[in-house]
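> Take this structure first; my questions come after.
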Amino acid sequence: MAEPAKRKATYADIEALPSNVVGELLYGSLVTHPRPMPAHARAQFSLSYELEGPFNRGRGGPGGWIFMTEPQLRLGPHLAVPDLAGWRSERLSPFPETASVETAPDWICEILSDATERYDRSEKRRIYSEFGVDFLWLLDPRSRILECFSLVAGQWLLTHTFDIASTV
């Protein structure tokens with residue numbers, strides 16, 4: 001007996017989720033995970049703080065970037081929610097006035113957890129390369145490792161790996 005065709009998930013599925021659940025639409029499937037654990041949230045805040053002064057405000061750095069925590073990215077048929085995303089200012093003008101951002105970021109950081117690592121390293125990484133995200137960081141607060149990737153000819157190239165003893 002034939003199995004029924006699997007229904008593609010829609011934005012209505014995201015809207016139906018409880019507020020303590022993050023939902024994403026990846027390759028037609030609804031992917032859900034709980035809100036971040038404290039170590040994850042702390043890593044996200046700390047990295048945001050480090051980036052804000054030099055890259056967003058230009059204090060001791062180049063400026064010219066716009067950063068967001070957990071933006072809802074509408075990339076073609078996909079709806080992804082990275083932990084942090086950054087755009088060169090000129091690429092996000094005019095600033096979006098919608099719930100979702102449709103311009104692919106220049107940089108994304110995913111903070112890995114037991115609930116998200118599989119998707120962050122597979123489906124989401126493929127989607128980010130398909131939509132031309134230039135830089136992807138995978139930060140694992142459990143092992144305290146940061147992996148930095150650059151998109152080169154449509155493929156992710158691991159350019160740096162930092163551990164707790166490293167200066168980034």
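Going by the structure tokens order, chains are called A, B, ..., each with residues numbered from 1, while ligands are numbered from 1 in the order shown.
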Please provide as an mmCIF file with N, CA, C and O atoms, in the first residue's frame all residues within 12 Å of Glu24 of chain A, with the sequence filter that same-chain residues fewer than 4 positions apart are discarded (counting only C-alpha atoms).


data_model
loop_
_atom_site.group_PDB
_atom_site.id
_atom_site.type_symbol
_atom_site.label_atom_id
_atom_site.label_comp_id
_atom_site.auth_asym_id
_atom_site.auth_seq_id
_atom_site.Cartn_x
_atom_site.Cartn_y
_atom_site.Cartn_z
ATOM 1 N N ALA A 9 5.652 21.662 5.192
ATOM 2 C CA ALA A 9 5.360 22.576 6.294
ATOM 3 C C ALA A 9 5.220 23.994 5.755
ATOM 4 O O ALA A 9 5.817 24.355 4.738
ATOM 5 N N THR A 10 4.425 24.806 6.450
ATOM 6 C CA THR A 10 4.176 26.185 6.031
ATOM 7 C C THR A 10 4.407 27.143 7.202
ATOM 8 O O THR A 10 4.598 26.718 8.350
ATOM 9 N N TYR A 11 4.324 28.426 6.908
ATOM 10 C CA TYR A 11 4.474 29.437 7.944
ATOM 11 C C TYR A 11 3.390 29.299 9.010
ATOM 12 O O TYR A 11 3.615 29.613 10.178
ATOM 13 N N ALA A 12 2.225 28.787 8.634
ATOM 14 C CA ALA A 12 1.154 28.560 9.617
ATOM 15 C C ALA A 12 1.617 27.574 10.691
ATOM 16 O O ALA A 12 1.233 27.701 11.861
ATOM 17 N N ASP A 13 2.455 26.617 10.322
ATOM 18 C CA ASP A 13 2.999 25.677 11.311
ATOM 19 C C ASP A 13 3.902 26.405 12.306
ATOM 20 O O ASP A 13 3.918 26.082 13.495
ATOM 21 N N ILE A 14 4.669 27.384 11.815
ATOM 22 C CA ILE A 14 5.521 28.187 12.702
ATOM 23 C C ILE A 14 4.640 28.990 13.668
ATOM 24 O O ILE A 14 4.894 29.021 14.872
ATOM 25 N N GLU A 15 3.608 29.633 13.133
ATOM 26 C CA GLU A 15 2.731 30.461 13.956
ATOM 27 C C GLU A 15 1.996 29.657 15.027
ATOM 28 O O GLU A 15 1.651 30.193 16.077
ATOM 29 N N LEU A 17 3.215 27.246 16.827
ATOM 30 C CA LEU A 17 4.110 26.756 17.862
ATOM 31 C C LEU A 17 3.976 27.570 19.150
ATOM 32 O O LEU A 17 3.726 28.776 19.102
ATOM 33 N N GLY A 28 11.318 22.127 3.276
ATOM 34 C CA GLY A 28 9.928 21.697 3.340
ATOM 35 C C GLY A 28 9.511 21.054 4.648
ATOM 36 O O GLY A 28 8.347 20.715 4.822
ATOM 37 N N SER A 29 10.428 20.873 5.580
ATOM 38 C CA SER A 29 10.112 20.248 6.864
ATOM 39 C C SER A 29 10.134 21.285 7.983
ATOM 40 O O SER A 29 10.948 22.204 7.978
ATOM 41 N N LEU A 30 9.243 21.096 8.953
ATOM 42 C CA LEU A 30 9.245 21.926 10.147
ATOM 43 C C LEU A 30 10.264 21.343 11.120
ATOM 44 O O LEU A 30 10.197 20.168 11.476
ATOM 45 N N VAL A 31 11.223 22.161 11.503
ATOM 46 C CA VAL A 31 12.249 21.765 12.472
ATOM 47 C C VAL A 31 12.028 22.616 13.715
ATOM 48 O O VAL A 31 11.945 23.844 13.615
ATOM 49 N N THR A 32 11.907 21.981 14.872
ATOM 50 C CA THR A 32 11.675 22.717 16.106
ATOM 51 C C THR A 32 12.724 22.346 17.152
ATOM 52 O O THR A 32 13.294 21.259 17.123
ATOM 53 N N HIS A 33 12.972 23.289 18.026
ATOM 54 C CA HIS A 33 13.838 23.032 19.168
ATOM 55 C C HIS A 33 13.475 24.012 20.275
ATOM 56 O O HIS A 33 12.899 25.073 20.014
ATOM 57 N N PRO A 34 13.780 23.650 21.525
ATOM 58 C CA PRO A 34 13.432 24.545 22.631
ATOM 59 C C PRO A 34 14.271 25.811 22.615
ATOM 60 O O PRO A 34 15.311 25.867 21.951
ATOM 61 N N GLU A 70 18.948 36.144 16.442
ATOM 62 C CA GLU A 70 17.827 35.294 16.040
ATOM 63 C C GLU A 70 16.880 35.942 15.029
ATOM 64 O O GLU A 70 15.653 35.930 15.213
ATOM 65 N N PRO A 71 17.418 36.505 13.939
ATOM 66 C CA PRO A 71 16.505 37.038 12.921
ATOM 67 C C PRO A 71 15.807 35.898 12.195
ATOM 68 O O PRO A 71 16.357 34.804 12.048
ATOM 69 N N GLN A 72 14.620 36.149 11.748
ATOM 70 C CA GLN A 72 13.887 35.186 10.942
ATOM 71 C C GLN A 72 14.262 35.466 9.485
ATOM 72 O O GLN A 72 13.910 36.513 8.945
ATOM 73 N N LEU A 73 15.018 34.549 8.874
ATOM 74 C CA LEU A 73 15.478 34.736 7.498
ATOM 75 C C LEU A 73 14.589 33.958 6.541
ATOM 76 O O LEU A 73 14.441 32.743 6.673
ATOM 77 N N ARG A 74 14.027 34.651 5.573
ATOM 78 C CA ARG A 74 13.262 33.975 4.522
ATOM 79 C C ARG A 74 14.186 33.898 3.313
ATOM 80 O O ARG A 74 14.422 34.884 2.616
ATOM 81 N N LEU A 75 14.747 32.710 3.118
ATOM 82 C CA LEU A 75 15.689 32.466 2.030
ATOM 83 C C LEU A 75 15.028 31.498 1.049
ATOM 84 O O LEU A 75 15.043 30.284 1.260
ATOM 85 N N PRO A 77 12.436 29.197 -0.301
ATOM 86 C CA PRO A 77 11.377 28.462 0.390
ATOM 87 C C PRO A 77 11.688 28.183 1.860
ATOM 88 O O PRO A 77 10.862 27.621 2.572
ATOM 89 N N HIS A 78 12.865 28.552 2.312
ATOM 90 C CA HIS A 78 13.316 28.231 3.665
ATOM 91 C C HIS A 78 13.072 29.391 4.622
ATOM 92 O O HIS A 78 13.127 30.552 4.233
ATOM 93 N N LEU A 79 12.846 29.048 5.878
ATOM 94 C CA LEU A 79 12.767 30.023 6.949
ATOM 95 C C LEU A 79 13.753 29.565 8.016
ATOM 96 O O LEU A 79 13.528 28.553 8.675
ATOM 97 N N ALA A 80 14.875 30.254 8.126
ATOM 98 C CA ALA A 80 15.925 29.873 9.067
ATOM 99 C C ALA A 80 16.042 30.943 10.150
ATOM 100 O O ALA A 80 15.813 32.122 9.898
ATOM 101 N N VAL A 81 16.430 30.505 11.340
ATOM 102 C CA VAL A 81 16.618 31.418 12.462
ATOM 103 C C VAL A 81 18.019 31.180 13.028
ATOM 104 O O VAL A 81 18.198 30.370 13.934
ATOM 105 N N PRO A 82 19.029 31.861 12.473
ATOM 106 C CA PRO A 82 20.379 31.709 13.031
ATOM 107 C C PRO A 82 20.478 32.416 14.376
ATOM 108 O O PRO A 82 19.673 33.300 14.685
ATOM 109 N N SER A 100 10.210 39.002 8.724
ATOM 110 C CA SER A 100 11.295 38.212 8.143
ATOM 111 C C SER A 100 12.223 39.099 7.324
ATOM 112 O O SER A 100 11.780 40.047 6.687
ATOM 113 N N THR A 116 20.386 21.488 18.275
ATOM 114 C CA THR A 116 20.508 22.161 16.976
ATOM 115 C C THR A 116 21.701 21.736 16.131
ATOM 116 O O THR A 116 21.734 22.039 14.939
ATOM 117 N N TYR A 119 21.208 20.107 12.547
ATOM 118 C CA TYR A 119 20.672 21.004 11.517
ATOM 119 C C TYR A 119 21.666 22.114 11.166
ATOM 120 O O TYR A 119 21.798 22.487 10.007
ATOM 121 N N ASP A 120 22.345 22.643 12.178
ATOM 122 C CA ASP A 120 23.308 23.718 11.931
ATOM 123 C C ASP A 120 24.448 23.248 11.034
ATOM 124 O O ASP A 120 24.929 24.001 10.188
ATOM 125 N N GLU A 123 21.612 20.804 7.046
ATOM 126 C CA GLU A 123 20.643 21.549 6.234
ATOM 127 C C GLU A 123 20.890 23.051 6.225
ATOM 128 O O GLU A 123 20.895 23.671 5.161
ATOM 129 N N LYS A 124 21.072 23.629 7.400
ATOM 130 C CA LYS A 124 21.226 25.083 7.444
ATOM 131 C C LYS A 124 22.525 25.524 6.768
ATOM 132 O O LYS A 124 22.548 26.523 6.054
#

> Can you tell me which residues surround Phe149 of chain A at a distance of at most 8 Å, considering only C-alpha atoms, apart from same-chain residues fewer than 6 positions away, and format the answer as a PyMOL selection string?

chain A and resi 135-137+156-160

> Rounded to one decimal place, report the atom CA of Phe67 of chain A-atom CA of Leu138 of chain A distance in Å.

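We find that atom CA of Phe67 of chain A and atom CA of Leu138 of chain A lie 16.3 Å from each other.
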
> So which bits of chain A end up helix (DSSP H, G or I) when you DSSP the backbone, as a PyMOL selection string?

chain A and resi 11-15+38-57+89-92+117-121+123-130

> Atom CA of Ala43 of chain A and atom CA of Gly86 of chain A, how far apart in Å?

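For atom CA of Gly86 of chain A relative to atom CA of Ala43 of chain A, the distance reads 16.3 Å.
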
> Can you list, as an MDAnalysis selection string, all residues belonging to chain A that DSSP tags as strand (DSSP E or B)?

chainID A and resid 21:26 29:34 65:69 72:75 78:80 84:88 100:101 107:111 135:140 145:152 155:162

> State, in Å with one decimal place, the distance from atom CA of Gly64 of chain A to atom CA of Ala104 of chain A.

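Distance between the two atoms: 16.4 Å.
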
> Env of Glu52 of chain A: 10 Å cut, atoms = only C-alpha atoms, seq-sep filter 3 positions within chain, self excluded. Answer as a ChimeraX atom specification.

/A:47-49,55-59,61,63,65-67

> Which polymer residues have any atom within 12 Å of an atom of Ser93 of chain A, counting only C-alpha atoms, with same-chain residues fewer than 2 positions away left out, as a list in words?

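So, after excluding close chain neighbours, the residues are Gly64, Trp65, Ile66, Trp87, Arg88, Ser89, Glu90, Arg91, Phe95, Pro96, Glu97, Val101, Glu102 and Thr103 of chain A.
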
> Quick one: residues within 9 Å of Phe162 of chain A, only C-alpha atoms, excluding same-chain residues fewer than 3 positions away - as a ChimeraX atom specification?

/A:144-148,165-168

> Could the residues in this selection be saved with all heavy atoms as an mmCIF file, in the first residue's frame?


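Okay, this is what ended up in selection_21.cif:
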data_model
loop_
_atom_site.group_PDB
_atom_site.id
_atom_site.type_symbol
_atom_site.label_atom_id
_atom_site.label_comp_id
_atom_site.auth_asym_id
_atom_site.auth_seq_id
_atom_site.Cartn_x
_atom_site.Cartn_y
_atom_site.Cartn_z
ATOM 1 N N ARG A 144 33.853 24.586 23.800
ATOM 2 C CA ARG A 144 34.510 25.898 23.733
ATOM 3 C C ARG A 144 35.415 25.989 22.500
ATOM 4 O O ARG A 144 36.552 26.425 22.580
ATOM 5 C CB ARG A 144 35.230 26.185 25.036
ATOM 6 C CG ARG A 144 34.230 26.158 26.212
ATOM 7 C CD ARG A 144 34.850 26.393 27.510
ATOM 8 N NE ARG A 144 34.843 27.845 27.732
ATOM 9 C CZ ARG A 144 35.057 28.393 28.902
ATOM 10 N NH1 ARG A 144 35.290 27.665 29.943
ATOM 11 N NH2 ARG A 144 35.047 29.697 29.026
ATOM 12 N N ILE A 145 34.842 25.573 21.372
ATOM 13 C CA ILE A 145 35.531 25.598 20.077
ATOM 14 C C ILE A 145 34.738 26.498 19.127
ATOM 15 O O ILE A 145 33.513 26.411 19.048
ATOM 16 C CB ILE A 145 35.625 24.181 19.459
ATOM 17 C CG1 ILE A 145 36.389 23.225 20.369
ATOM 18 C CG2 ILE A 145 36.196 24.223 18.048
ATOM 19 C CD1 ILE A 145 37.883 23.340 20.325
ATOM 20 N N LEU A 146 35.454 27.332 18.386
ATOM 21 C CA LEU A 146 34.861 28.170 17.336
ATOM 22 C C LEU A 146 35.470 27.758 16.014
ATOM 23 O O LEU A 146 36.691 27.756 15.850
ATOM 24 C CB LEU A 146 35.149 29.652 17.600
ATOM 25 C CG LEU A 146 34.770 30.629 16.477
ATOM 26 C CD1 LEU A 146 33.266 30.638 16.237
ATOM 27 C CD2 LEU A 146 35.279 32.033 16.801
ATOM 28 N N GLU A 147 34.622 27.380 15.059
ATOM 29 C CA GLU A 147 35.057 27.049 13.699
ATOM 30 C C GLU A 147 34.600 28.157 12.771
ATOM 31 O O GLU A 147 33.432 28.532 12.777
ATOM 32 C CB GLU A 147 34.438 25.725 13.234
ATOM 33 C CG GLU A 147 34.830 24.527 14.082
ATOM 34 C CD GLU A 147 33.996 23.315 13.740
ATOM 35 O OE1 GLU A 147 32.776 23.332 14.019
ATOM 36 O OE2 GLU A 147 34.567 22.352 13.193
ATOM 37 N N CYS A 148 35.515 28.684 11.965
ATOM 38 C CA CYS A 148 35.215 29.783 11.041
ATOM 39 C C CYS A 148 35.336 29.283 9.609
ATOM 40 O O CYS A 148 36.384 28.757 9.219
ATOM 41 C CB CYS A 148 36.180 30.937 11.272
ATOM 42 S SG CYS A 148 36.150 31.566 12.954
ATOM 43 N N ALA A 165 41.911 28.645 24.649
ATOM 44 C CA ALA A 165 43.210 29.295 24.873
ATOM 45 C C ALA A 165 43.557 30.292 23.770
ATOM 46 O O ALA A 165 44.532 31.025 23.895
ATOM 47 C CB ALA A 165 44.302 28.239 24.980
ATOM 48 N N SER A 166 42.753 30.340 22.719
ATOM 49 C CA SER A 166 43.044 31.198 21.569
ATOM 50 C C SER A 166 42.473 32.598 21.744
ATOM 51 O O SER A 166 41.455 32.784 22.399
ATOM 52 C CB SER A 166 42.449 30.609 20.284
ATOM 53 O OG SER A 166 42.891 29.301 20.059
ATOM 54 N N THR A 167 43.127 33.562 21.118
ATOM 55 C CA THR A 167 42.582 34.905 21.020
ATOM 56 C C THR A 167 41.942 35.030 19.645
ATOM 57 O O THR A 167 42.593 34.777 18.643
ATOM 58 C CB THR A 167 43.696 35.957 21.175
ATOM 59 O OG1 THR A 167 44.305 35.767 22.453
ATOM 60 C CG2 THR A 167 43.146 37.358 21.056
ATOM 61 N N VAL A 168 40.687 35.409 19.623
ATOM 62 C CA VAL A 168 39.961 35.525 18.361
ATOM 63 C C VAL A 168 39.975 36.973 17.928
ATOM 64 O O VAL A 168 39.636 37.853 18.688
ATOM 65 C CB VAL A 168 38.498 35.017 18.512
ATOM 66 C CG1 VAL A 168 37.744 35.153 17.196
ATOM 67 C CG2 VAL A 168 38.497 33.585 18.991
#

> Would you mind telling me which residue in A:Gln155, A:Thr161, A:Thr98, A:Asn20 lies nearest to Pro36 of chain A when using only C-alpha atoms?

A:Asn20

> Considering only C-alpha atoms, state which residue in the set A:Ala99, A:His40, A:Glu110, A:Tyr27 is at the smallest distance from Arg7 of chain A.

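Checking each of A:Ala99, A:His40, A:Glu110, A:Tyr27 against Arg7 of chain A, counting only C-alpha atoms, the winner is A:Tyr27.
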